[in-house]
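What's in data-v5.cif: mmCIF, C-alpha atoms and all ligand atoms
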```
data_work
loop_
_atom_site.label_atom_id
_atom_site.label_comp_id
_atom_site.auth_asym_id
_atom_site.auth_seq_id
_atom_site.Cartn_x
_atom_site.Cartn_y
_atom_site.Cartn_z
CA MET A 8 45.14 96.48 219.63
CA ARG A 9 47.69 99.24 219.34
CA THR A 10 51.21 98.56 218.03
CA VAL A 11 52.61 99.52 221.42
CA GLU A 12 50.90 100.23 224.73
CA TRP A 13 51.27 100.27 228.48
CA SER A 14 49.75 97.14 230.00
CA ASN A 15 49.73 96.31 233.71
CA GLY A 16 53.04 98.02 234.43
CA LYS A 17 54.77 96.65 231.32
CA VAL A 18 55.39 97.83 227.76
CA ARG A 19 53.52 95.54 225.39
CA MET A 20 54.04 95.47 221.64
CA ILE A 21 53.44 93.33 218.59
CA ASP A 22 56.64 91.57 217.47
CA GLN A 23 57.02 92.91 213.93
CA ARG A 24 59.84 90.49 213.13
CA GLN A 25 57.31 87.64 213.17
CA LEU A 26 54.80 89.14 210.74
CA PRO A 27 53.03 88.17 208.55
CA TRP A 28 53.49 84.55 209.62
CA ASN A 29 52.85 84.86 213.35
CA VAL A 30 50.99 87.49 215.33
CA GLU A 31 52.88 87.52 218.61
CA TYR A 32 53.07 90.05 221.41
CA VAL A 33 56.01 90.70 223.68
CA GLU A 34 56.11 92.46 227.05
CA TYR A 35 59.02 94.21 228.72
CA ASN A 36 59.48 95.35 232.29
CA ASP A 37 62.98 96.80 231.88
CA TYR A 38 63.67 99.98 229.89
CA ARG A 39 66.94 98.48 228.59
CA GLU A 40 64.94 95.69 226.95
CA VAL A 41 62.69 98.34 225.42
CA ALA A 42 65.76 100.09 223.97
CA GLN A 43 66.98 96.75 222.61
CA SER A 44 63.56 96.05 221.06
CA ILE A 45 63.88 99.32 219.11
CA THR A 46 67.43 98.47 217.95
CA ASP A 47 66.37 94.96 216.93
CA MET A 48 63.28 96.30 215.17
CA VAL A 49 60.75 94.32 217.18
CA VAL A 50 59.05 97.71 216.87
CA ARG A 51 59.98 100.10 214.05
CA GLY A 52 58.66 103.14 212.21
CA ALA A 53 59.42 106.65 213.43
CA PRO A 54 56.22 107.46 215.39
CA ALA A 55 56.03 103.93 216.85
CA ILE A 56 59.57 104.05 218.20
CA GLY A 57 58.84 107.51 219.63
CA ALA A 58 55.85 106.21 221.59
CA THR A 59 57.80 103.08 222.60
CA ALA A 60 60.66 105.18 223.96
CA ALA A 61 58.17 107.31 225.90
CA PHE A 62 56.81 104.14 227.53
CA GLY A 63 60.42 103.05 228.11
CA MET A 64 60.91 106.26 230.10
CA ALA A 65 57.78 105.53 232.13
CA LEU A 66 59.21 102.08 232.83
CA ALA A 67 62.51 103.60 233.94
CA ALA A 68 60.68 105.87 236.40
CA GLN A 69 58.89 102.83 237.75
CA GLN A 70 62.08 100.72 237.90
CA SER A 71 64.02 103.26 239.90
CA PRO A 72 63.99 102.01 243.50
CA ALA A 73 64.61 105.53 244.88
CA LEU A 74 62.23 107.29 247.23
CA ASP A 75 63.57 110.79 246.62
CA MET A 76 62.74 112.75 243.50
CA GLY A 77 66.33 113.66 242.58
CA SER A 78 67.41 110.02 242.40
CA VAL A 79 64.43 109.09 240.22
CA LEU A 80 65.37 111.91 237.84
CA ASP A 81 69.01 110.75 237.77
CA PHE A 82 67.86 107.22 236.92
CA MET A 83 65.65 108.59 234.16
CA GLU A 84 68.49 110.70 232.70
CA VAL A 85 70.52 107.52 232.20
CA ALA A 86 67.52 105.78 230.63
CA ALA A 87 67.05 108.77 228.30
CA VAL A 88 70.60 108.41 226.98
CA ILE A 89 70.23 104.67 226.43
CA LEU A 90 66.83 104.92 224.74
CA LYS A 91 67.95 107.77 222.45
CA LYS A 92 70.88 105.66 221.26
CA ALA A 93 68.63 102.76 220.23
CA ARG A 94 68.32 104.08 216.67
CA PRO A 95 69.88 107.31 215.43
CA THR A 96 67.88 108.57 212.45
CA ALA A 97 64.20 109.03 213.36
CA VAL A 98 63.90 112.25 215.36
CA ASN A 99 60.61 111.12 216.94
CA LEU A 100 62.63 108.94 219.30
CA ALA A 101 64.61 111.80 220.86
CA TRP A 102 61.57 114.09 220.61
CA ALA A 103 59.43 111.71 222.71
CA VAL A 104 62.18 111.05 225.29
CA ASP A 105 62.79 114.80 225.69
CA ARG A 106 59.08 115.46 226.04
CA VAL A 107 58.75 112.91 228.87
CA MET A 108 61.94 114.17 230.53
CA LYS A 109 60.62 117.75 230.47
CA VAL A 110 57.51 116.65 232.34
CA ALA A 111 59.64 114.69 234.83
CA ARG A 112 61.81 117.73 235.55
CA ASP A 113 58.84 119.99 236.28
CA ASP A 114 59.01 121.42 239.80
CA VAL A 115 55.35 120.80 240.68
CA TYR A 116 55.77 117.38 242.32
CA SER A 117 56.08 116.73 246.01
CA ASN A 118 57.24 113.11 245.86
CA ALA A 119 58.66 110.42 243.54
CA LYS A 120 55.27 108.74 243.16
CA GLU A 121 53.87 111.87 241.53
CA ILE A 122 56.76 111.96 239.04
CA ARG A 123 56.12 108.33 238.11
CA LYS A 124 52.45 109.03 237.51
CA ALA A 125 53.12 112.21 235.50
CA VAL A 126 55.60 110.53 233.13
CA LEU A 127 53.28 107.60 232.51
CA ASP A 128 50.44 110.04 231.80
CA GLU A 129 52.71 111.88 229.35
CA ALA A 130 53.72 108.66 227.58
CA ASN A 131 50.05 107.69 227.23
CA ARG A 132 49.32 111.19 225.92
CA ILE A 133 52.05 110.86 223.27
CA ALA A 134 50.54 107.53 222.16
CA ASP A 135 46.96 108.87 222.10
CA GLU A 136 48.00 112.01 220.23
CA ASP A 137 49.80 109.92 217.63
CA VAL A 138 46.53 108.18 216.75
CA THR A 139 44.51 111.39 216.37
CA ILE A 140 47.34 113.11 214.45
CA ASN A 141 47.44 110.20 211.99
CA GLN A 142 43.69 110.32 211.51
CA THR A 143 43.89 114.06 210.81
CA MET A 144 46.74 113.58 208.31
CA GLY A 145 44.68 110.84 206.73
CA LYS A 146 41.85 113.31 206.06
CA PHE A 147 44.15 115.98 204.61
CA GLY A 148 46.05 113.48 202.49
CA ALA A 149 43.03 111.50 201.26
CA ASP A 150 42.13 114.42 198.97
CA LEU A 151 45.29 113.67 196.99
CA ILE A 152 44.04 110.22 195.93
CA ARG A 153 41.51 110.06 193.10
CA LYS A 154 39.20 107.27 191.99
CA GLY A 155 41.04 104.77 189.80
CA ASP A 156 44.51 105.88 190.88
CA VAL A 157 47.44 103.55 191.35
CA VAL A 158 49.33 104.68 194.44
CA LEU A 159 52.96 103.68 194.92
CA HIS A 160 53.99 103.24 198.56
CA HIS A 161 57.40 102.43 200.07
CA CYS A 162 58.30 100.59 203.29
CA ASN A 163 55.66 100.36 206.02
CA THR A 164 54.06 103.52 207.31
CA GLY A 165 50.83 102.00 208.58
CA ALA A 166 49.38 101.19 211.98
CA LEU A 167 52.50 99.12 212.67
CA ALA A 168 54.84 102.08 212.11
CA THR A 169 52.78 104.26 214.43
CA VAL A 170 50.60 103.66 217.45
CA ASP A 171 47.64 103.15 215.12
CA HIS A 172 46.27 104.17 211.69
CA GLY A 173 49.57 105.20 210.08
CA THR A 174 50.97 108.12 208.09
CA ALA A 175 51.24 107.49 204.32
CA LEU A 176 49.43 104.18 204.66
CA GLY A 177 46.99 106.02 206.95
CA VAL A 178 46.19 108.37 204.06
CA ILE A 179 45.56 105.33 201.86
CA ARG A 180 43.35 103.83 204.55
CA THR A 181 41.30 107.01 205.01
CA ALA A 182 40.81 107.41 201.24
CA PHE A 183 39.60 103.79 201.07
CA GLU A 184 37.24 104.31 204.01
CA GLN A 185 35.83 107.33 202.15
CA GLY A 186 34.76 104.90 199.44
CA LYS A 187 37.41 105.71 196.84
CA GLN A 188 38.44 102.84 194.60
CA PHE A 189 42.12 102.60 193.80
CA ARG A 190 45.04 100.18 193.88
CA VAL A 191 48.31 100.24 195.74
CA LEU A 192 51.73 99.08 194.54
CA LEU A 193 53.84 98.12 197.54
CA THR A 194 57.60 98.02 197.13
CA GLU A 195 59.12 94.99 198.86
CA THR A 196 61.56 97.31 200.66
CA ARG A 197 64.72 95.28 200.89
CA PRO A 198 66.46 94.13 202.91
CA ARG A 199 63.92 93.90 205.75
CA MET A 200 60.87 93.68 203.50
CA GLN A 201 58.67 96.08 205.44
CA GLY A 202 56.52 96.62 202.33
CA ALA A 203 56.05 92.98 201.41
CA ARG A 204 55.62 91.71 204.96
CA LEU A 205 54.06 94.52 206.96
CA SER A 206 52.26 96.90 204.58
CA ALA A 207 50.80 93.95 202.68
CA TRP A 208 49.64 92.37 205.95
CA GLU A 209 47.88 95.58 206.92
CA LEU A 210 46.26 96.21 203.52
CA LYS A 211 45.06 92.61 203.32
CA GLN A 212 43.25 93.00 206.63
CA LEU A 213 41.71 96.30 205.50
CA GLY A 214 40.59 94.84 202.16
CA ILE A 215 42.53 97.42 200.15
CA PRO A 216 43.67 96.06 196.75
CA PHE A 217 47.46 95.85 196.51
CA GLU A 218 50.27 94.22 194.61
CA ILE A 219 53.83 93.75 195.87
CA ILE A 220 56.55 94.70 193.43
CA PRO A 221 60.34 94.27 193.61
CA ASP A 222 61.94 97.59 194.56
CA SER A 223 63.67 97.56 191.19
CA ALA A 224 60.32 97.45 189.30
CA ALA A 225 59.08 100.87 190.48
CA GLY A 226 60.63 102.75 187.54
CA HIS A 227 59.09 100.28 185.10
CA TYR A 228 55.55 100.93 186.37
CA MET A 229 56.10 104.68 186.59
CA ARG A 230 57.33 104.90 183.01
CA ALA A 231 54.43 102.76 181.83
CA GLY A 232 52.08 105.45 183.16
CA GLU A 233 50.46 103.21 185.79
CA VAL A 234 51.52 105.09 188.91
CA LYS A 235 49.56 108.30 189.56
CA ILE A 236 50.99 109.34 192.92
CA VAL A 237 53.78 108.27 195.29
CA LEU A 238 53.19 108.41 199.06
CA VAL A 239 55.94 107.75 201.60
CA GLY A 240 56.60 108.46 205.28
CA ALA A 241 59.59 110.19 206.88
CA ASP A 242 62.01 109.57 209.73
CA ARG A 243 63.31 113.12 209.88
CA ILE A 244 62.61 116.22 207.84
CA ALA A 245 65.15 119.05 207.81
CA ALA A 246 64.15 122.72 208.02
CA ASN A 247 64.53 123.06 204.24
CA GLY A 248 62.22 120.08 203.56
CA ASP A 249 64.94 117.52 202.77
CA THR A 250 63.37 114.24 203.83
CA VAL A 251 65.12 111.24 205.32
CA ASN A 252 63.18 108.03 204.89
CA LYS A 253 63.68 104.31 204.23
CA ILE A 254 66.52 103.46 201.87
CA GLY A 255 65.25 103.59 198.29
CA THR A 256 62.99 106.61 198.81
CA TYR A 257 65.43 108.90 196.96
CA MET A 258 65.43 106.65 193.89
CA LEU A 259 61.61 106.67 193.87
CA ALA A 260 61.51 110.46 194.16
CA VAL A 261 63.91 110.97 191.25
CA LEU A 262 61.95 108.50 189.12
CA ALA A 263 58.69 110.21 190.06
CA LYS A 264 60.02 113.60 188.95
CA GLU A 265 61.34 112.13 185.71
CA ASN A 266 57.86 110.74 185.01
CA ASN A 267 55.87 113.80 186.22
CA ILE A 268 54.28 111.89 189.09
CA PRO A 269 53.52 113.84 192.28
CA PHE A 270 55.60 112.64 195.23
CA TYR A 271 54.38 113.39 198.78
CA SER A 272 55.79 112.67 202.20
CA VAL A 273 53.28 112.15 205.03
CA ALA A 274 54.62 112.88 208.52
CA PRO A 275 53.55 114.45 211.81
CA THR A 276 55.18 117.76 212.74
CA SER A 277 57.17 115.84 215.41
CA THR A 278 59.19 114.39 212.49
CA VAL A 279 60.35 117.86 211.43
CA ASP A 280 63.69 118.80 213.00
CA LEU A 281 64.23 122.53 212.58
CA LYS A 282 67.63 122.17 214.27
CA VAL A 283 69.00 120.65 211.08
CA THR A 284 69.06 122.92 208.07
CA THR A 285 69.53 120.29 205.36
CA GLY A 286 69.34 116.52 205.04
CA SER A 287 73.14 116.18 204.81
CA GLU A 288 73.37 116.89 208.55
CA ILE A 289 71.20 113.91 209.50
CA GLN A 290 72.90 110.73 210.65
CA ILE A 291 72.00 107.79 208.45
CA GLU A 292 71.84 104.52 210.36
CA GLU A 293 74.06 101.72 209.00
CA ARG A 294 72.71 98.34 209.99
CA THR A 295 74.41 94.98 210.12
CA PRO A 296 75.42 93.47 206.74
CA ASP A 297 73.78 90.26 207.91
CA GLU A 298 70.37 91.77 207.10
CA VAL A 299 71.44 91.76 203.45
CA ARG A 300 73.43 88.53 203.50
CA CYS A 301 70.97 86.45 205.44
CA PRO A 302 67.51 88.08 205.55
CA TYR A 303 65.34 86.46 208.22
CA GLY A 304 67.73 83.53 208.48
CA ASN A 305 67.79 82.75 204.73
CA ALA A 306 71.44 82.77 203.69
CA LEU A 307 71.74 84.38 200.25
CA ILE A 308 75.31 85.69 200.29
CA PRO A 309 78.45 84.13 201.82
CA ASP A 310 79.57 85.68 205.11
CA ASP A 311 82.90 86.85 203.68
CA TYR A 312 81.40 88.92 200.81
CA PRO A 313 81.58 92.62 201.74
CA VAL A 314 78.16 94.26 202.10
CA ARG A 315 76.91 97.76 202.98
CA ASN A 316 73.49 98.34 204.50
CA PRO A 317 72.32 101.94 204.97
CA ALA A 318 68.81 101.98 206.48
CA PHE A 319 67.76 105.41 205.15
CA ASP A 320 68.52 107.98 202.48
CA VAL A 321 67.97 111.69 201.92
CA THR A 322 65.47 112.92 199.37
CA PRO A 323 66.29 116.53 198.52
CA GLN A 324 63.31 118.82 199.02
CA ARG A 325 63.02 119.75 195.34
CA TYR A 326 61.57 116.30 194.60
CA LEU A 327 58.62 116.76 196.98
CA ALA A 328 55.27 118.12 195.78
CA GLY A 329 54.25 118.57 199.42
CA ILE A 330 54.47 117.30 202.97
CA VAL A 331 51.20 116.13 204.52
CA THR A 332 51.10 117.03 208.23
CA GLU A 333 48.37 117.17 210.87
CA ARG A 334 48.19 120.91 210.23
CA GLY A 335 47.55 120.56 206.51
CA ILE A 336 49.64 119.96 203.43
CA VAL A 337 52.81 122.05 203.44
CA LEU A 338 53.77 123.13 199.92
CA PRO A 339 57.10 124.50 198.67
CA PRO A 340 59.01 126.65 199.41
CA PHE A 341 59.50 124.44 202.48
CA ARG A 342 62.27 126.62 203.88
CA ASP A 343 59.62 129.33 204.44
CA ASN A 344 56.52 127.23 205.01
CA LEU A 345 57.76 124.43 207.30
CA PRO A 346 58.92 126.68 210.19
CA LYS A 347 55.61 128.58 210.07
CA VAL A 348 53.64 125.34 210.39
CA ILE A 349 55.89 124.04 213.17
CA HIS A 350 55.35 127.26 215.08
CA GLY A 351 51.61 126.69 215.03
CA GLU A 352 50.25 128.22 211.83
CA PRO A 353 47.96 125.95 209.83
CA ALA A 354 49.42 125.05 206.45
CA SER A 355 47.84 127.68 204.20
CA SER A 356 47.76 125.06 201.50
CA ALA A 357 45.54 122.75 203.51
CA LYS A 358 42.41 123.43 201.48
CA THR A 359 43.89 124.03 198.05
CA ALA A 360 46.32 121.13 197.65
CA LYS A 361 44.41 118.45 195.75
O1 LIG A 401 63.66 101.02 209.42
P1 LIG A 401 62.20 101.30 209.66
O2 LIG A 401 61.31 100.18 209.29
O3 LIG A 401 61.97 101.83 211.05
O4 LIG A 401 61.90 102.50 208.66
C1 LIG A 401 60.60 103.02 208.61
C2 LIG A 401 60.46 104.11 207.63
O5 LIG A 401 61.39 104.50 206.96
C3 LIG A 401 59.15 104.79 207.58
O6 LIG A 401 58.86 105.23 206.29
C4 LIG A 401 59.15 105.99 208.55
O7 LIG A 401 59.60 105.61 209.81
C5 LIG A 401 57.82 106.61 208.67
S1 LIG A 401 56.70 105.51 209.45
C6 LIG A 401 55.24 106.27 209.71
#
```

What is this file in structure tokens?
Amino acid sequence: MRTVEWSNGKVRMIDQRQLPWNVEYVEYNDYREVAQSITDMVVRGAPAIGATAAFGMALAAQQSPALDMGSVLDFMEVAAVILKKARPTAVNLAWAVDRVMKVARDDVYSNAKEIRKAVLDEANRIADEDVTINQTMGKFGADLIRKGDVVLHHCNTGALATVDHGTALGVIRTAFEQGKQFRVLLTETRPRMQGARLSAWELKQLGIPFEIIPDSAAGHYMRAGEVKIVLVGADRIAANGDTVNKIGTYMLAVLAKENNIPFYSVAPTSTVDLKVTTGSEIQIEERTPDEVRCPYGNALIPDDYPVRNPAFDVTPQRYLAGIVTERGIVLPPFRDNLPKVIHGEPASSAKTAK
């Protein structure tokens, strides 16, 4: 099943807080609950929260009791604000909400029922496109992995972080399905352990060999010459290629450069935000200190010890060997090449980047 989907008039998703111990699904019939599920990380990962928010908008259109089109649109505008606020960093969230809202505002409808149908169709389209985009990125990116490689991966960027297949983990999956033999080192990804809980759960099901390492061990394995390539996802990429991703990504990128290991980000073009020129302009979500003090209910640190908990960091573009997109692998200089790809040109590097 998909990470998130529309099911009998409700938004249905796997509860990622329960994995890997329990595979449980939750259903929502109120867009405010959908927004809360994004904030609480029942669903997480930039493309997945984009698709979830799109379904949240479809729910809002359905929830509105109004018969006239203007009132349905007003109701949806409020829902758009609430859903966009659910998490601030991943641009896919606002991108998906805006895309649904644009369809809703079209002047081709003659009644509210038609708006409701059109926005649900658009949300389903966003979800379907996400799957095909990930499969395409998987094919482009799989060329980067060679037989015998050890691939270092951070956080969770797999089927769970998307509607299906995944971005960086999707590349790993495609390479494995092509018959390549390699191993994956998964960083735990503190404090929420997306690597140890979610990526490991996915790779175990796929039969892909992996080992979980403490986040702090990545440099050790890089320096020892084990790691041949680093693959990560992205929550937002600035016009100059600066990449915002899960906290700890920057440290991995600096270590990769120090050890001459290629470092790639894998992300759909919907993750690129040309409105921001550099990563410094992107809001970094600060989450509750309790995630660090008491992860998943296990108290490690007393309540009165001060804690900071940024969810993401900025990796300056100079650390990236390339950005794998559904239009090919974008190579530096990103300031020139990213806008071209966003405006529809295929990445000229698509065939040469190996
Ligand atoms: O806080 P999360 O778990 O939502 O963070 C997820 C990441 O940072 C991923 O790397 C990113 O969203 C890309 S997922 C395809």

Item checked: Ref. answer, residues at most 10 Å from (50.3, 102.3, 229.3) with all atoms listed in the file, as a VMD selection string -> chain A and resid 11 to 19 61 to 62 65 to 66 127 to 132 134

Checklist line | Long-range neighbours of Gly202 of chain A as a PyMOL selection string, 7 Å cut-off, only C-alpha atoms, 6 positions minimum in chain | finding: chain A and resi 161-163+193-196

Write out the residues from the selection above, keeping C-alpha atoms, as a compact mmCIF listing (two decimals), in the frame of the given file.
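As a result, again-v3.txt now contains:
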```txt
# COMPACT_ATOMS: atom_id res chain seq x y z
CA HIS A 161 57.40 102.43 200.07
CA CYS A 162 58.30 100.59 203.29
CA ASN A 163 55.66 100.36 206.02
CA LEU A 193 53.84 98.12 197.54
CA THR A 194 57.60 98.02 197.13
CA GLU A 195 59.12 94.99 198.86
CA THR A 196 61.56 97.31 200.66
```

Could you give me, as a PDB file with C-alpha atoms, in the frame of the given file, the residues within 10 Å of segment 146-155 of chain A, counting only C-alpha atoms and dropping anything in the same chain fewer than 3 positions from it?
```pdb
ATOM      1  CA  ASN A 141      47.440 110.200 211.990  1.00  0.00           C
ATOM      2  CA  GLN A 142      43.690 110.320 211.510  1.00  0.00           C
ATOM      3  CA  THR A 143      43.890 114.060 210.810  1.00  0.00           C
ATOM      4  CA  VAL A 158      49.330 104.680 194.440  1.00  0.00           C
ATOM      5  CA  THR A 174      50.970 108.120 208.090  1.00  0.00           C
ATOM      6  CA  ALA A 175      51.240 107.490 204.320  1.00  0.00           C
ATOM      7  CA  GLY A 177      46.990 106.020 206.950  1.00  0.00           C
ATOM      8  CA  VAL A 178      46.190 108.370 204.060  1.00  0.00           C
ATOM      9  CA  ILE A 179      45.560 105.330 201.860  1.00  0.00           C
ATOM     10  CA  ARG A 180      43.350 103.830 204.550  1.00  0.00           C
ATOM     11  CA  THR A 181      41.300 107.010 205.010  1.00  0.00           C
ATOM     12  CA  ALA A 182      40.810 107.410 201.240  1.00  0.00           C
ATOM     13  CA  PHE A 183      39.600 103.790 201.070  1.00  0.00           C
ATOM     14  CA  GLU A 184      37.240 104.310 204.010  1.00  0.00           C
ATOM     15  CA  GLN A 185      35.830 107.330 202.150  1.00  0.00           C
ATOM     16  CA  GLY A 186      34.760 104.900 199.440  1.00  0.00           C
ATOM     17  CA  LYS A 187      37.410 105.710 196.840  1.00  0.00           C
ATOM     18  CA  GLN A 188      38.440 102.840 194.600  1.00  0.00           C
ATOM     19  CA  PHE A 189      42.120 102.600 193.800  1.00  0.00           C
ATOM     20  CA  ARG A 190      45.040 100.180 193.880  1.00  0.00           C
ATOM     21  CA  LYS A 235      49.560 108.300 189.560  1.00  0.00           C
ATOM     22  CA  ILE A 236      50.990 109.340 192.920  1.00  0.00           C
ATOM     23  CA  VAL A 237      53.780 108.270 195.290  1.00  0.00           C
ATOM     24  CA  LEU A 238      53.190 108.410 199.060  1.00  0.00           C
ATOM     25  CA  PRO A 269      53.520 113.840 192.280  1.00  0.00           C
ATOM     26  CA  TYR A 271      54.380 113.390 198.780  1.00  0.00           C
ATOM     27  CA  SER A 272      55.790 112.670 202.200  1.00  0.00           C
ATOM     28  CA  VAL A 273      53.280 112.150 205.030  1.00  0.00           C
ATOM     29  CA  ILE A 330      54.470 117.300 202.970  1.00  0.00           C
ATOM     30  CA  VAL A 331      51.200 116.130 204.520  1.00  0.00           C
ATOM     31  CA  THR A 332      51.100 117.030 208.230  1.00  0.00           C
ATOM     32  CA  GLU A 333      48.370 117.170 210.870  1.00  0.00           C
ATOM     33  CA  ARG A 334      48.190 120.910 210.230  1.00  0.00           C
ATOM     34  CA  GLY A 335      47.550 120.560 206.510  1.00  0.00           C
ATOM     35  CA  ILE A 336      49.640 119.960 203.430  1.00  0.00           C
ATOM     36  CA  ALA A 357      45.540 122.750 203.510  1.00  0.00           C
ATOM     37  CA  LYS A 358      42.410 123.430 201.480  1.00  0.00           C
ATOM     38  CA  THR A 359      43.890 124.030 198.050  1.00  0.00           C
ATOM     39  CA  ALA A 360      46.320 121.130 197.650  1.00  0.00           C
ATOM     40  CA  LYS A 361      44.410 118.450 195.750  1.00  0.00           C
TER      41      LYS A 361
END
```

Show me a table, sorted first by chain and then by increasing residue number, of the residues of chain A having an atom at most 9 Å from ligand LIG 401 (chain A), each with its shortest atom pair and the distance in Å to one decimal, counting all atoms listed in the file and written as a Markdown table.
```
| residue | atom | partner | partner_atom | distance |
| --- | --- | --- | --- | --- |
| A:Ile45 | CA | A:LIG401 | O3 | 8.7 |
| A:Met48 | CA | A:LIG401 | O3 | 7.0 |
| A:Val50 | CA | A:LIG401 | O3 | 7.7 |
| A:Arg51 | CA | A:LIG401 | O3 | 4.0 |
| A:Gly52 | CA | A:LIG401 | O7 | 3.6 |
| A:Ala53 | CA | A:LIG401 | O7 | 3.8 |
| A:Pro54 | CA | A:LIG401 | C6 | 5.9 |
| A:Ala55 | CA | A:LIG401 | C6 | 7.6 |
| A:Ile56 | CA | A:LIG401 | O3 | 7.9 |
| A:Arg94 | CA | A:LIG401 | O3 | 8.8 |
| A:Ala97 | CA | A:LIG401 | O7 | 6.7 |
| A:His161 | CA | A:LIG401 | O6 | 7.0 |
| A:Cys162 | CA | A:LIG401 | O6 | 5.6 |
| A:Asn163 | CA | A:LIG401 | O6 | 5.8 |
| A:Thr164 | CA | A:LIG401 | C6 | 3.8 |
| A:Gly165 | CA | A:LIG401 | C6 | 6.2 |
| A:Ala166 | CA | A:LIG401 | C6 | 8.1 |
| A:Leu167 | CA | A:LIG401 | C6 | 8.2 |
| A:Ala168 | CA | A:LIG401 | S1 | 4.7 |
| A:Thr169 | CA | A:LIG401 | C6 | 5.7 |
| A:Gly173 | CA | A:LIG401 | C6 | 5.8 |
| A:Thr174 | CA | A:LIG401 | C6 | 4.9 |
| A:Ala175 | CA | A:LIG401 | C6 | 6.8 |
| A:Leu176 | CA | A:LIG401 | C6 | 8.0 |
| A:Gly177 | CA | A:LIG401 | C6 | 8.7 |
| A:Arg199 | CA | A:LIG401 | O2 | 7.7 |
| A:Met200 | CA | A:LIG401 | O2 | 8.7 |
| A:Gln201 | CA | A:LIG401 | O2 | 6.2 |
| A:Val239 | CA | A:LIG401 | O6 | 6.1 |
| A:Gly240 | CA | A:LIG401 | C5 | 4.1 |
| A:Ala241 | CA | A:LIG401 | C5 | 4.4 |
| A:Asp242 | CA | A:LIG401 | O7 | 4.6 |
| A:Arg243 | CA | A:LIG401 | C4 | 8.4 |
| A:Val251 | CA | A:LIG401 | O5 | 7.9 |
| A:Asn252 | CA | A:LIG401 | O5 | 4.5 |
| A:Lys253 | CA | A:LIG401 | O5 | 3.6 |
| A:Ile254 | CA | A:LIG401 | O5 | 7.3 |
| A:Thr256 | CA | A:LIG401 | O5 | 8.6 |
| A:Val273 | CA | A:LIG401 | C6 | 7.8 |
| A:Ala274 | CA | A:LIG401 | C6 | 6.7 |
| A:Pro275 | CA | A:LIG401 | C6 | 8.6 |
| A:Thr278 | CA | A:LIG401 | C5 | 8.8 |
| A:Glu292 | CA | A:LIG401 | O1 | 8.9 |
| A:Ala318 | CA | A:LIG401 | O1 | 6.0 |
| A:Phe319 | CA | A:LIG401 | O5 | 6.7 |
```

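Put simply, atom CA of Trp28 of chain A is 21.2 Å away from atom CA of Arg300 of chain A.
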
Notebook entry, point to check: Could you pull the residues within 12 Å of His350 of chain A, counting only C-alpha atoms, minus those fewer than 2 positions along the same chain, as a ChimeraX atom specification?
Noted result: /A:276-277,279,281,334,343-348,352-354

Next item on the list: For Glu288 of chain A, work out the shell of residues within 12 Å, counting all atoms listed in the file and skipping chain neighbours fewer than 6 positions away, then give it as a ChimeraX atom specification.
Entry: /A:96,243-247,249-251,280-282,320-321

Check: What is the distance between atom CA of Trp208 of chain A and atom CA of Thr59 of chain A, in Å to one decimal?
Finding: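 Those two atoms sit 21.4 Å apart.
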
Check: Which is closest to Ser71 of chain A among A:Glu218, A:Glu209, A:Glu84, A:Glu34, if we use all atoms listed in the file?
Finding: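 With all atoms listed in the file as the atom set, the closest residue is A:Glu84.
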
Margin query: As an exercise, work out the distance from atom CA of His172 of chain A to atom CA of Glu40 of chain A in Å and give it to one decimal place.
Written below: 25.6 Å

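Shortest atom-to-atom contact with Ser44 of chain A among A:Ala67, A:Met258, A:Leu90, A:Val110: A:Leu90, counting all atoms listed in the file.
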
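Nearest-residue note for Met108 of chain A: choosing from A:Ala93, A:Leu338, A:Val79, A:Ile215, the minimum distance belongs to A:Val79, counting all atoms listed in the file.
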
Checklist line | Point (62.5, 105.8, 235.3), cut-off 10 Å, counting only C-alpha atoms, residues as a ChimeraX atom specification | finding: /A:37-38,62-73,78-87,108,111,122-123,126-127
